[in-house]
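Quick look at final.csv (CSV, C-alpha atoms (C1' of nucleotides)):
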```csv
chain,number,residue,atom,x,y,z
A,19,MET,CA,0.0,0.0,0.0
A,20,SER,CA,0.8,3.6,0.2
A,21,ILE,CA,1.1,4.7,-3.4
A,22,ARG,CA,3.5,7.4,-4.5
A,23,VAL,CA,1.3,10.3,-5.5
A,24,PRO,CA,2.5,12.4,-8.4
A,25,ASP,CA,0.8,15.4,-6.7
A,26,GLY,CA,-0.1,17.2,-9.9
A,27,ALA,CA,0.3,20.8,-9.0
A,28,MET,CA,-1.7,22.2,-6.2
A,29,THR,CA,-4.1,21.4,-3.5
A,30,ALA,CA,-6.4,24.4,-3.4
A,31,SER,CA,-5.8,26.1,-0.1
A,32,GLY,CA,-4.1,29.0,-1.7
A,33,GLY,CA,-3.8,27.7,-5.2
A,34,GLY,CA,-5.8,29.2,-8.0
A,35,GLN,CA,-7.2,26.8,-10.5
A,36,ALA,CA,-9.0,23.6,-10.2
A,37,VAL,CA,-7.3,20.3,-9.6
A,38,ARG,CA,-7.5,17.8,-12.3
A,39,ARG,CA,-6.3,14.5,-10.9
A,40,ARG,CA,-8.7,11.8,-9.8
A,41,MET,CA,-9.2,11.0,-6.1
A,42,THR,CA,-7.2,8.0,-5.1
A,43,SER,CA,-8.8,5.1,-3.3
A,44,ARG,CA,-6.6,5.8,-0.4
A,45,GLU,CA,-8.0,9.3,-0.1
A,46,LEU,CA,-11.5,7.9,-0.4
A,47,ALA,CA,-10.8,5.4,2.4
A,48,ILE,CA,-9.5,8.2,4.6
A,49,TRP,CA,-12.6,10.2,3.9
A,50,ARG,CA,-14.8,7.3,4.9
A,51,SER,CA,-12.7,6.7,8.0
A,52,LEU,CA,-13.0,10.3,9.0
A,53,ILE,CA,-16.7,10.3,8.7
A,54,ASP,CA,-17.2,7.0,10.4
A,55,THR,CA,-14.8,7.9,13.3
A,56,THR,CA,-16.2,11.3,14.0
A,57,GLY,CA,-19.7,9.8,13.7
A,58,GLU,CA,-18.9,7.3,16.3
A,59,LEU,CA,-17.3,9.9,18.6
A,60,ARG,CA,-20.5,12.0,18.3
A,61,ARG,CA,-22.6,9.0,19.1
A,62,ILE,CA,-20.5,8.0,22.2
A,63,LEU,CA,-20.3,11.6,23.5
A,64,GLY,CA,-24.0,12.0,22.9
A,65,ALA,CA,-24.7,8.9,24.9
A,66,GLU,CA,-22.5,10.0,27.7
A,67,LEU,CA,-24.2,13.4,27.9
A,68,GLN,CA,-27.6,11.6,28.0
A,69,GLU,CA,-26.7,10.4,31.4
A,70,SER,CA,-26.9,14.0,32.5
A,71,SER,CA,-30.3,14.1,30.7
A,72,LEU,CA,-29.0,16.4,28.0
A,73,SER,CA,-28.5,15.8,24.3
A,74,ALA,CA,-25.5,17.2,22.4
A,75,ALA,CA,-27.9,19.7,20.9
A,76,ASP,CA,-29.1,20.8,24.3
A,77,TYR,CA,-25.5,21.3,25.3
A,78,GLN,CA,-24.8,23.4,22.3
A,79,VAL,CA,-27.7,25.7,23.1
A,80,LEU,CA,-27.0,26.0,26.8
A,81,LEU,CA,-23.3,26.8,26.4
A,82,PRO,CA,-23.6,30.2,24.9
A,83,LEU,CA,-26.8,31.0,26.8
A,84,ARG,CA,-24.9,30.4,30.0
A,85,GLU,CA,-22.2,32.9,29.0
A,86,ALA,CA,-24.6,35.5,27.9
A,87,GLU,CA,-25.4,38.7,29.9
A,88,GLY,CA,-28.2,37.8,32.2
A,89,ALA,CA,-28.3,34.3,30.8
A,90,ARG,CA,-30.6,35.5,28.1
A,91,MET,CA,-30.3,36.0,24.4
A,92,ARG,CA,-32.3,37.0,21.4
A,93,SER,CA,-33.3,33.8,19.6
A,94,SER,CA,-31.7,34.9,16.3
A,95,GLU,CA,-28.5,35.8,17.9
A,96,LEU,CA,-28.4,32.4,19.5
A,97,ALA,CA,-29.0,30.8,16.2
A,98,SER,CA,-26.2,32.6,14.5
A,99,THR,CA,-23.8,32.0,17.4
A,100,ILE,CA,-24.2,28.2,17.1
A,101,ASP,CA,-24.7,28.4,13.4
A,102,TRP,CA,-28.1,26.7,13.3
A,103,GLU,CA,-31.1,27.3,11.0
A,104,ARG,CA,-33.7,29.3,12.7
A,105,SER,CA,-36.3,26.7,12.3
A,106,ARG,CA,-34.1,24.0,13.8
A,107,LEU,CA,-33.5,26.2,16.8
A,108,SER,CA,-37.2,27.0,17.1
A,109,HIS,CA,-38.2,23.4,17.2
A,110,HIS,CA,-35.5,22.6,19.6
A,111,LEU,CA,-36.3,25.4,22.0
A,112,LYS,CA,-39.9,24.2,22.0
A,113,ARG,CA,-38.7,20.8,23.3
A,114,MET,CA,-36.3,22.4,25.8
A,115,GLU,CA,-39.0,24.7,27.1
A,116,ARG,CA,-41.3,21.7,27.6
A,117,ARG,CA,-38.5,20.3,29.8
A,118,HIS,CA,-38.1,23.6,31.7
A,119,LEU,CA,-34.5,24.1,30.6
A,120,ILE,CA,-35.2,27.4,29.0
A,121,ARG,CA,-38.1,29.9,28.8
A,122,ARG,CA,-39.1,32.2,26.0
A,123,GLU,CA,-40.1,35.8,26.6
A,124,ASP,CA,-41.3,38.5,24.3
A,125,CYS,CA,-38.6,41.0,23.4
A,126,ALA,CA,-39.1,44.5,24.7
A,127,THR,CA,-37.5,46.4,21.8
A,128,ASP,CA,-38.8,44.4,18.9
A,129,ASN,CA,-42.3,42.9,19.0
A,130,ARG,CA,-41.4,40.3,16.5
A,131,GLY,CA,-38.5,39.0,18.5
A,132,ALA,CA,-38.2,36.5,21.3
A,133,GLU,CA,-35.7,36.2,24.0
A,134,VAL,CA,-34.4,32.8,25.3
A,135,VAL,CA,-33.9,32.7,29.0
A,136,LEU,CA,-31.9,30.1,30.9
A,137,THR,CA,-34.0,28.8,33.8
A,138,ALA,CA,-32.5,27.9,37.2
A,139,GLU,CA,-33.2,24.3,36.3
A,140,GLY,CA,-31.5,24.6,33.0
A,141,ALA,CA,-28.4,26.2,34.7
A,142,ARG,CA,-28.3,23.4,37.2
A,143,VAL,CA,-28.6,20.6,34.7
A,144,PHE,CA,-25.9,22.2,32.5
A,145,ARG,CA,-23.5,22.7,35.4
A,146,ARG,CA,-23.8,19.1,36.4
A,147,ALA,CA,-23.3,17.9,32.8
A,148,THR,CA,-20.2,19.9,32.1
A,149,ALA,CA,-17.5,18.1,34.0
A,150,PRO,CA,-18.5,14.6,32.9
A,151,HIS,CA,-18.8,15.8,29.3
A,152,MET,CA,-15.3,17.3,29.4
A,153,ARG,CA,-14.0,14.1,30.9
A,154,ALA,CA,-15.6,12.1,28.1
A,155,ILE,CA,-14.1,14.3,25.4
A,156,LYS,CA,-10.7,13.9,27.1
A,157,GLU,CA,-11.1,10.2,27.5
A,158,HIS,CA,-12.3,9.4,24.0
A,159,PHE,CA,-10.5,12.0,22.0
A,160,ALA,CA,-7.8,14.1,23.6
A,161,ASP,CA,-6.1,11.2,25.3
A,162,ALA,CA,-5.7,9.4,22.0
A,163,LEU,CA,-3.4,12.0,20.4
A,164,THR,CA,0.1,13.3,20.8
A,165,VAL,CA,0.9,16.9,20.8
A,166,GLU,CA,2.2,16.6,17.2
A,167,GLN,CA,-1.0,15.0,16.1
A,168,PHE,CA,-3.0,17.8,17.6
A,169,GLU,CA,-1.0,20.3,15.7
A,170,ALA,CA,-1.4,18.3,12.5
A,171,LEU,CA,-5.1,18.1,13.1
A,172,ALA,CA,-5.4,21.8,13.7
A,173,ASP,CA,-3.5,22.4,10.5
A,174,ILE,CA,-5.8,20.0,8.5
A,175,LEU,CA,-8.9,21.7,9.9
A,176,ARG,CA,-7.5,25.1,9.0
A,177,ALA,CA,-6.9,23.8,5.5
A,178,LEU,CA,-10.5,22.5,5.2
A,179,HIS,CA,-11.8,25.9,6.4
A,180,SER,CA,-9.9,28.0,4.0
A,181,HIS,CA,-10.8,25.6,1.2
A,182,ARG,CA,-14.4,26.0,2.0
A,183,ASP,CA,-14.1,29.7,2.1
A,184,ASP,CA,-12.3,29.6,-1.3
A,185,LEU,CA,-15.1,27.5,-2.7
A,186,SER,CA,-17.9,29.7,-1.5
A,187,ALA,CA,-16.1,32.8,-2.6
A,188,ARG,CA,-15.6,31.4,-6.0
A,189,THR,CA,-19.3,30.5,-6.4
A,190,GLY,CA,-20.5,33.4,-4.3
A,191,ASP,CA,-22.8,31.3,-2.2
A,192,ALA,CA,-22.5,32.2,1.4
A,193,ARG,CA,-25.2,30.2,3.1
A,194,PRO,CA,-27.5,32.4,5.2
B,16,MET,CA,7.4,17.5,8.5
B,17,SER,CA,7.2,14.4,10.4
B,18,ILE,CA,8.6,15.2,13.8
B,19,ARG,CA,10.5,12.8,16.0
B,20,VAL,CA,8.0,12.0,18.8
B,21,PRO,CA,9.6,11.9,22.3
B,22,ASP,CA,6.6,9.9,23.2
B,23,GLY,CA,6.6,11.3,26.7
B,24,ALA,CA,4.9,8.6,28.7
B,25,MET,CA,1.9,7.6,26.9
B,26,THR,CA,-1.0,8.8,24.8
B,27,ALA,CA,-3.1,5.7,25.3
B,28,SER,CA,-2.5,4.0,22.0
B,29,GLY,CA,-0.4,1.3,23.4
B,30,GLY,CA,0.4,2.9,26.7
B,31,GLY,CA,-0.8,1.4,29.9
B,32,GLN,CA,-2.1,3.7,32.6
B,33,ALA,CA,-4.4,6.7,32.5
B,34,VAL,CA,-3.3,10.2,31.6
B,35,ARG,CA,-3.7,12.7,34.4
B,36,ARG,CA,-3.2,16.1,32.8
B,37,ARG,CA,-6.2,18.3,32.1
B,38,MET,CA,-7.4,18.9,28.7
B,39,THR,CA,-6.2,22.3,27.4
B,40,SER,CA,-8.5,24.8,25.9
B,41,ARG,CA,-6.7,24.5,22.6
B,42,GLU,CA,-7.4,20.8,22.6
B,43,LEU,CA,-11.0,21.5,23.3
B,44,ALA,CA,-11.2,24.0,20.5
B,45,ILE,CA,-9.7,21.5,18.1
B,46,TRP,CA,-12.3,19.0,19.2
B,47,ARG,CA,-15.1,21.4,18.6
B,48,SER,CA,-13.7,22.4,15.2
B,49,LEU,CA,-13.4,18.8,14.2
B,50,ILE,CA,-17.0,18.1,15.1
B,51,ASP,CA,-18.3,21.2,13.5
B,52,THR,CA,-16.2,20.8,10.3
B,53,THR,CA,-17.1,17.2,9.8
B,54,GLY,CA,-20.7,18.0,10.6
B,55,GLU,CA,-20.7,20.6,7.9
B,56,LEU,CA,-19.1,18.3,5.4
B,57,ARG,CA,-21.7,15.7,6.1
B,58,ARG,CA,-24.4,18.2,5.6
B,59,ILE,CA,-22.9,19.5,2.3
B,60,LEU,CA,-22.3,16.0,0.9
B,61,GLY,CA,-25.8,14.9,2.0
B,62,ALA,CA,-27.3,17.8,0.2
B,63,GLU,CA,-25.4,17.1,-2.9
B,64,LEU,CA,-26.5,13.5,-2.9
B,65,GLN,CA,-30.0,14.6,-2.5
B,66,GLU,CA,-29.9,15.9,-6.0
B,67,SER,CA,-29.7,12.3,-7.1
B,68,SER,CA,-32.7,11.6,-4.8
B,69,LEU,CA,-30.6,9.7,-2.3
B,70,SER,CA,-29.7,10.4,1.3
B,71,ALA,CA,-26.3,9.6,2.7
B,72,ALA,CA,-28.0,6.7,4.5
B,73,ASP,CA,-29.4,5.4,1.3
B,74,TYR,CA,-26.0,5.5,-0.2
B,75,GLN,CA,-24.4,3.6,2.7
B,76,VAL,CA,-27.0,0.9,2.3
B,77,LEU,CA,-26.8,0.6,-1.5
B,78,LEU,CA,-23.0,0.5,-1.7
B,79,PRO,CA,-22.4,-2.9,-0.1
B,80,LEU,CA,-25.6,-4.2,-1.6
B,81,ARG,CA,-24.4,-3.4,-5.1
B,82,GLU,CA,-21.1,-5.3,-4.5
B,83,ALA,CA,-22.9,-8.4,-3.1
B,84,GLU,CA,-23.4,-11.6,-5.0
B,85,GLY,CA,-26.6,-11.3,-6.9
B,86,ALA,CA,-27.1,-7.8,-5.4
B,87,ARG,CA,-28.7,-9.4,-2.4
B,88,MET,CA,-27.8,-9.7,1.2
B,89,ARG,CA,-29.2,-11.0,4.4
B,90,SER,CA,-30.5,-8.1,6.4
B,91,SER,CA,-28.3,-8.8,9.4
B,92,GLU,CA,-25.2,-9.2,7.3
B,93,LEU,CA,-25.9,-5.8,5.7
B,94,ALA,CA,-26.4,-4.3,9.2
B,95,SER,CA,-23.1,-5.5,10.4
B,96,THR,CA,-21.3,-4.6,7.2
B,97,ILE,CA,-22.2,-0.9,7.6
B,98,ASP,CA,-22.2,-1.1,11.4
B,99,TRP,CA,-25.8,-0.1,11.9
B,100,GLU,CA,-28.2,-1.1,14.6
B,101,ARG,CA,-30.7,-3.7,13.3
B,102,SER,CA,-33.7,-1.5,14.1
B,103,ARG,CA,-32.2,1.5,12.3
B,104,LEU,CA,-31.7,-0.6,9.2
B,105,SER,CA,-35.1,-2.1,9.5
B,106,HIS,CA,-36.8,1.3,9.6
B,107,HIS,CA,-34.6,2.5,6.8
B,108,LEU,CA,-35.3,-0.4,4.6
B,109,LYS,CA,-39.0,0.1,5.0
B,110,ARG,CA,-38.6,3.6,3.6
B,111,MET,CA,-36.3,2.5,0.8
B,112,GLU,CA,-38.7,-0.3,-0.1
B,113,ARG,CA,-41.5,2.2,-0.3
B,114,ARG,CA,-39.4,4.1,-2.9
B,115,HIS,CA,-38.7,0.9,-4.8
B,116,LEU,CA,-34.9,1.1,-4.3
B,117,ILE,CA,-34.8,-2.3,-2.7
B,118,ARG,CA,-37.1,-5.2,-2.1
B,119,ARG,CA,-37.3,-7.6,0.8
B,120,GLU,CA,-37.7,-11.4,0.3
B,121,ASP,CA,-38.0,-14.2,2.7
B,122,CYS,CA,-34.9,-16.2,3.2
B,123,ALA,CA,-35.0,-19.7,1.9
B,124,THR,CA,-32.7,-21.2,4.5
B,125,ASP,CA,-33.9,-19.4,7.6
B,126,ASN,CA,-37.6,-18.6,8.0
B,127,ARG,CA,-36.9,-15.8,10.4
B,128,GLY,CA,-34.5,-14.1,8.0
B,129,ALA,CA,-35.0,-11.6,5.3
B,130,GLU,CA,-33.0,-10.9,2.2
B,131,VAL,CA,-32.6,-7.4,0.9
B,132,VAL,CA,-32.5,-7.3,-2.9
B,133,LEU,CA,-31.4,-4.4,-5.0
B,134,THR,CA,-34.0,-3.5,-7.5
B,135,ALA,CA,-33.2,-2.4,-11.1
B,136,GLU,CA,-34.5,1.1,-10.1
B,137,GLY,CA,-32.2,1.1,-7.1
B,138,ALA,CA,-29.2,0.1,-9.1
B,139,ARG,CA,-30.0,2.8,-11.7
B,140,VAL,CA,-30.4,5.5,-9.1
B,141,PHE,CA,-27.2,4.4,-7.3
B,142,ARG,CA,-25.2,4.3,-10.5
B,143,ARG,CA,-26.3,7.8,-11.4
B,144,ALA,CA,-25.4,9.1,-8.0
B,145,THR,CA,-21.9,7.7,-7.8
B,146,ALA,CA,-19.9,10.0,-10.0
B,147,PRO,CA,-21.4,13.3,-8.7
B,148,HIS,CA,-20.9,12.0,-5.1
B,149,MET,CA,-17.3,11.2,-5.7
B,150,ARG,CA,-16.8,14.5,-7.4
B,151,ALA,CA,-18.3,16.3,-4.3
B,152,ILE,CA,-16.1,14.4,-1.9
B,153,LYS,CA,-13.1,15.4,-4.0
B,154,GLU,CA,-14.2,19.0,-4.3
B,155,HIS,CA,-15.0,19.6,-0.7
B,156,PHE,CA,-12.5,17.3,1.0
B,157,ALA,CA,-9.8,15.8,-1.1
B,158,ASP,CA,-8.9,18.9,-3.0
B,159,ALA,CA,-8.3,20.8,0.3
B,160,LEU,CA,-5.4,18.7,1.6
B,161,THR,CA,-1.8,18.1,0.7
B,162,VAL,CA,-0.3,14.6,0.5
B,163,GLU,CA,1.3,15.2,3.9
B,164,GLN,CA,-1.9,16.3,5.4
B,165,PHE,CA,-3.5,13.1,4.2
B,166,GLU,CA,-0.8,11.0,5.8
B,167,ALA,CA,-1.1,12.9,9.0
B,168,LEU,CA,-4.9,12.5,9.0
B,169,ALA,CA,-4.6,8.8,8.3
B,170,ASP,CA,-2.2,8.6,11.3
B,171,ILE,CA,-4.6,10.5,13.5
B,172,LEU,CA,-7.5,8.2,12.6
B,173,ARG,CA,-5.4,5.2,13.3
B,174,ALA,CA,-4.5,6.6,16.7
B,175,LEU,CA,-8.2,7.3,17.5
B,176,HIS,CA,-9.1,3.7,16.4
B,177,SER,CA,-6.5,2.0,18.5
B,178,HIS,CA,-7.3,4.2,21.4
B,179,ARG,CA,-11.0,3.2,21.1
B,180,ASP,CA,-10.0,-0.5,21.0
B,181,ASP,CA,-7.8,0.0,24.1
B,182,LEU,CA,-10.7,1.6,25.9
B,183,SER,CA,-13.2,-1.1,25.0
B,184,ALA,CA,-10.7,-3.8,25.8
B,185,ARG,CA,-10.1,-2.3,29.2
B,186,THR,CA,-13.7,-2.0,30.1
B,187,GLY,CA,-14.7,-5.1,28.1
B,188,ASP,CA,-17.6,-3.6,26.4
B,189,ALA,CA,-17.6,-4.5,22.8
B,190,ARG,CA,-20.9,-3.0,21.6
B,191,PRO,CA,-23.1,-5.6,19.9
C,16,DA,C1',-47.3,58.4,5.4
C,17,DC,C1',-48.0,54.3,2.8
C,18,DG,C1',-47.1,50.1,0.7
C,19,DA,C1',-43.6,46.7,-0.6
C,20,DA,C1',-39.7,44.3,0.8
C,21,DA,C1',-37.0,42.6,4.6
C,22,DT,C1',-36.7,40.6,9.1
C,23,DG,C1',-37.8,37.6,13.3
C,24,DA,C1',-39.8,33.7,14.5
C,25,DT,C1',-43.0,29.7,14.2
C,26,DT,C1',-45.3,25.7,12.1
C,27,DG,C1',-46.3,21.3,9.6
C,28,DA,C1',-44.7,17.6,6.9
C,29,DC,C1',-41.6,14.4,6.3
C,30,DG,C1',-37.3,11.7,6.8
C,31,DT,C1',-34.1,10.0,10.1
C,32,DA,C1',-31.9,7.9,14.8
C,33,DT,C1',-32.4,5.5,19.2
C,34,DC,C1',-34.4,2.8,22.7
C,35,DA,C1',-37.3,-0.7,24.5
C,36,DA,C1',-40.5,-4.1,23.6
C,37,DT,C1',-42.4,-7.7,20.6
C,38,DT,C1',-42.9,-11.6,17.3
C,39,DA,C1',-41.4,-15.5,15.1
C,40,DT,C1',-38.2,-19.0,14.4
C,41,DC,C1',-34.2,-21.9,15.4
C,42,DC,C1',-31.4,-24.9,18.2
C,43,DG,C1',-29.5,-27.8,21.8
C,44,DG,C1',-29.9,-30.3,26.4
C,45,DG,C1',-32.7,-33.3,28.9
D,3,DC,C1',-39.9,-34.7,21.7
D,4,DC,C1',-40.2,-30.3,23.9
D,5,DC,C1',-38.9,-26.5,26.4
D,6,DG,C1',-36.0,-22.6,27.3
D,7,DG,C1',-32.7,-19.6,25.6
D,8,DA,C1',-30.5,-17.4,21.6
D,9,DT,C1',-31.2,-15.3,17.2
D,10,DA,C1',-33.6,-12.5,13.1
D,11,DA,C1',-36.2,-9.0,12.3
D,12,DT,C1',-39.9,-5.6,13.1
D,13,DT,C1',-42.6,-2.2,15.6
D,14,DG,C1',-43.8,2.0,18.4
D,15,DA,C1',-42.6,5.9,20.9
D,16,DT,C1',-40.0,9.8,21.0
D,17,DA,C1',-36.4,13.1,19.7
D,18,DC,C1',-34.0,15.4,16.1
D,19,DG,C1',-33.1,17.9,11.4
D,20,DT,C1',-34.6,20.1,7.0
D,21,DC,C1',-37.5,22.2,3.9
D,22,DA,C1',-41.1,25.1,2.4
D,23,DA,C1',-44.7,27.9,3.9
D,24,DT,C1',-46.7,31.2,7.0
D,25,DC,C1',-47.5,35.2,10.1
D,26,DA,C1',-46.5,39.5,12.3
D,27,DT,C1',-43.8,43.5,12.6
D,28,DT,C1',-40.4,46.6,11.1
D,29,DT,C1',-38.0,49.4,7.8
D,30,DC,C1',-37.3,52.0,3.8
D,31,DG,C1',-38.0,54.4,-0.5
D,32,DT,C1',-40.6,57.7,-2.6
```

Can you turn what I pasted into structure tokens?
Amino acid sequence: MSIRVPDGAMTASGGGQAVRRRMTSRELAIWRSLIDTTGELRRILGAELQESSLSAADYQVLLPLREAEGARMRSSELASTIDWERSRLSHHLKRMERRHLIRREDCATDNRGAEVVLTAEGARVFRRATAPHMRAIKEHFADALTVEQFEALADILRALHSHRDDLSARTGDARP
Amino acid sequence: MSIRVPDGAMTASGGGQAVRRRMTSRELAIWRSLIDTTGELRRILGAELQESSLSAADYQVLLPLREAEGARMRSSELASTIDWERSRLSHHLKRMERRHLIRREDCATDNRGAEVVLTAEGARVFRRATAPHMRAIKEHFADALTVEQFEALADILRALHSHRDDLSARTGDARP
DNA sequence: ACGAAATGATTGACGTATCAATTATCCGGG
DNA sequence: CCCGGATAATTGATACGTCAATCATTTCGT
């Protein structure tokens, strides 16, 4: 295994024109492994969080809410902070409100708007979930890698980001 | 690139005892970036596949089915091939059958069993989806990385795998 | 000041994922 | 032979994500 790749020219991230060579089966295998592995990590971490009666989605919502001034945020601001579609957030807040983790109030300065407020219950559940969640991330992810691997991964993620930016700049489709 | 690793003590993957140090905020940030980035890639690739009227899940099911002898497989074999829970597969097959992508037949040698059969329609849709899907993976993923980054990523995924194996060996919980 | 376009947020429909429970069949020990 | 446990697969309940459509309010151009 491990084929010598001619590396025809450039790999985007800074390069100009499109890349012509075909994807190798090794690259494809790495892609699949990446998707499978991160998928499994998601699943495991989600299951661990569940023991604190929170889903990964709940956690994502509660995290910025907890940091916010007065533990409250405009719904749309929250959506853009965690990069969710508005409707997704709306559905999710409904479920979280039913469980008394958050509360929705009308916004004083804009009658269309809604404010999401962290409840005492929500804060309590979140606080209890944090340490075990961090421990789980450490156990299943951070403890697996060397310092060098972390740096390499950060580099790879940077490359993927800037590639994505290049692509959306080229086609001019920033998704709302 | 390719740094000599001092291998200070252990980073699980082969090491014995637990690691005591806390997770750094940088490691946490890399974790979040990994999850976000792969999540977005999933989303993008899923949306692209949709244009061929397939979901990512459909594709995962159809891929091994297409390779199989006679384009048919025992349901449980399919499940373990793609590492899905049986009930997940069952639900999904019901939906795919409704769309005439697959068909279910009784198994001749085991009356409990079911065989999943790829239909002509299923084969056709899958065939048409393949090339655009590969192109999308290349465009959004493979084209972003250098050869060195691919090798580093493969190495990282290997480390995560063997770490997971260590963990489940230690706690003896192979998930069924 | 008025009406059209933009904005903030919600809803309904549908597909998908997970868990627990259920049904039907197979198989091996007594 | 037959009974109990293992195995194959499905079902129902519930939570989650996406899309398109909707509704109310605000903003802006003229």

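The two atoms in question, atom CA of A:Thr56 and atom CA of B:Ala138, are spaced 28.8 Å apart.
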
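Once chain B is least-squares aligned to chain A over all ordered C-alpha pairs, the remaining root-mean-square deviation is 2.9 Å.
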
Using only C-alpha atoms (C1' of nucleotides), tabulate the residues of chain B lying at most 10 Å from any atom of chain D, each with its closest atom pair and that distance in Å to one decimal, by chain and increasing residue number, as JSON lines.
```
{"residue": "B:Arg89", "atom": "CA", "partner": "D:DA10", "partner_atom": "C1'", "distance": 9.9}
{"residue": "B:Ser90", "atom": "CA", "partner": "D:DA11", "partner_atom": "C1'", "distance": 8.3}
{"residue": "B:Ser91", "atom": "CA", "partner": "D:DA10", "partner_atom": "C1'", "distance": 7.4}
{"residue": "B:Arg101", "atom": "CA", "partner": "D:DA11", "partner_atom": "C1'", "distance": 7.7}
{"residue": "B:Ser102", "atom": "CA", "partner": "D:DT12", "partner_atom": "C1'", "distance": 7.5}
{"residue": "B:Ser105", "atom": "CA", "partner": "D:DT12", "partner_atom": "C1'", "distance": 6.9}
{"residue": "B:His106", "atom": "CA", "partner": "D:DT12", "partner_atom": "C1'", "distance": 8.3}
{"residue": "B:Lys109", "atom": "CA", "partner": "D:DT12", "partner_atom": "C1'", "distance": 9.9}
{"residue": "B:Asp125", "atom": "CA", "partner": "D:DA10", "partner_atom": "C1'", "distance": 8.8}
{"residue": "B:Asn126", "atom": "CA", "partner": "D:DA10", "partner_atom": "C1'", "distance": 8.9}
{"residue": "B:Arg127", "atom": "CA", "partner": "D:DA10", "partner_atom": "C1'", "distance": 5.4}
{"residue": "B:Gly128", "atom": "CA", "partner": "D:DA10", "partner_atom": "C1'", "distance": 5.4}
{"residue": "B:Ala129", "atom": "CA", "partner": "D:DA11", "partner_atom": "C1'", "distance": 7.6}
```

Selected residues written out with C-alpha atoms, as a PDB file, in the coordinates of the input:
```pdb
ATOM      1  CA  ARG B  89     -29.200 -11.000   4.400  1.00  0.00           C
ATOM      2  CA  SER B  90     -30.500  -8.100   6.400  1.00  0.00           C
ATOM      3  CA  SER B  91     -28.300  -8.800   9.400  1.00  0.00           C
ATOM      4  CA  ARG B 101     -30.700  -3.700  13.300  1.00  0.00           C
ATOM      5  CA  SER B 102     -33.700  -1.500  14.100  1.00  0.00           C
ATOM      6  CA  SER B 105     -35.100  -2.100   9.500  1.00  0.00           C
ATOM      7  CA  HIS B 106     -36.800   1.300   9.600  1.00  0.00           C
ATOM      8  CA  LYS B 109     -39.000   0.100   5.000  1.00  0.00           C
ATOM      9  CA  ASP B 125     -33.900 -19.400   7.600  1.00  0.00           C
ATOM     10  CA  ASN B 126     -37.600 -18.600   8.000  1.00  0.00           C
ATOM     11  CA  ARG B 127     -36.900 -15.800  10.400  1.00  0.00           C
ATOM     12  CA  GLY B 128     -34.500 -14.100   8.000  1.00  0.00           C
ATOM     13  CA  ALA B 129     -35.000 -11.600   5.300  1.00  0.00           C
TER      14      ALA B 129
END
```

Exercise for review: Please report as number ranges by chain which residues of chain B come no farther than 8 Å from chain A, using only C-alpha atoms.
Suggested key: B: 18, 20, 22, 26-28, 34, 38, 42, 45-46, 48-50, 52-53, 57, 152-153, 155-162, 164-165, 167-169, 171-172, 174-176, 178-179

Output file for the selection above: C-alpha atoms, as a tab-separated table (two decimals), keeping the file's coordinate frame:
```tsv
chain	number	residue	atom	x	y	z
B	18	ILE	CA	8.60	15.20	13.80
B	20	VAL	CA	8.00	12.00	18.80
B	22	ASP	CA	6.60	9.90	23.20
B	26	THR	CA	-1.00	8.80	24.80
B	27	ALA	CA	-3.10	5.70	25.30
B	28	SER	CA	-2.50	4.00	22.00
B	34	VAL	CA	-3.30	10.20	31.60
B	38	MET	CA	-7.40	18.90	28.70
B	42	GLU	CA	-7.40	20.80	22.60
B	45	ILE	CA	-9.70	21.50	18.10
B	46	TRP	CA	-12.30	19.00	19.20
B	48	SER	CA	-13.70	22.40	15.20
B	49	LEU	CA	-13.40	18.80	14.20
B	50	ILE	CA	-17.00	18.10	15.10
B	52	THR	CA	-16.20	20.80	10.30
B	53	THR	CA	-17.10	17.20	9.80
B	57	ARG	CA	-21.70	15.70	6.10
B	152	ILE	CA	-16.10	14.40	-1.90
B	153	LYS	CA	-13.10	15.40	-4.00
B	155	HIS	CA	-15.00	19.60	-0.70
B	156	PHE	CA	-12.50	17.30	1.00
B	157	ALA	CA	-9.80	15.80	-1.10
B	158	ASP	CA	-8.90	18.90	-3.00
B	159	ALA	CA	-8.30	20.80	0.30
B	160	LEU	CA	-5.40	18.70	1.60
B	161	THR	CA	-1.80	18.10	0.70
B	162	VAL	CA	-0.30	14.60	0.50
B	164	GLN	CA	-1.90	16.30	5.40
B	165	PHE	CA	-3.50	13.10	4.20
B	167	ALA	CA	-1.10	12.90	9.00
B	168	LEU	CA	-4.90	12.50	9.00
B	169	ALA	CA	-4.60	8.80	8.30
B	171	ILE	CA	-4.60	10.50	13.50
B	172	LEU	CA	-7.50	8.20	12.60
B	174	ALA	CA	-4.50	6.60	16.70
B	175	LEU	CA	-8.20	7.30	17.50
B	176	HIS	CA	-9.10	3.70	16.40
B	178	HIS	CA	-7.30	4.20	21.40
B	179	ARG	CA	-11.00	3.20	21.10
```

Exercise for review: Quote the spacing between atom CA of B:Ser95 and atom CA of B:Asp121 in Å to one decimal place.
Suggested key: 18.9 Å

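For the pair atom CA of A:Cys125 and atom CA of A:Leu96, the separation is 13.9 Å.
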
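Of the residues under consideration (A:Arg84, A:Arg116, A:Arg188, A:Arg122), A:Arg122 shows the shortest atom-to-atom contact distance to chain C when counting only C-alpha atoms (C1' of nucleotides).
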
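Of the residues under consideration (C:DC17, C:DA28, C:DT40, C:DC34), C:DT40 shows the shortest atom-to-atom contact distance to chain B when counting all atoms listed in the file.
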
Practice item. When you get a sec, could you note down which chain C residues fall within 8 Å of chain B, using all atoms listed in the file, as a count of residues only? Key: 4
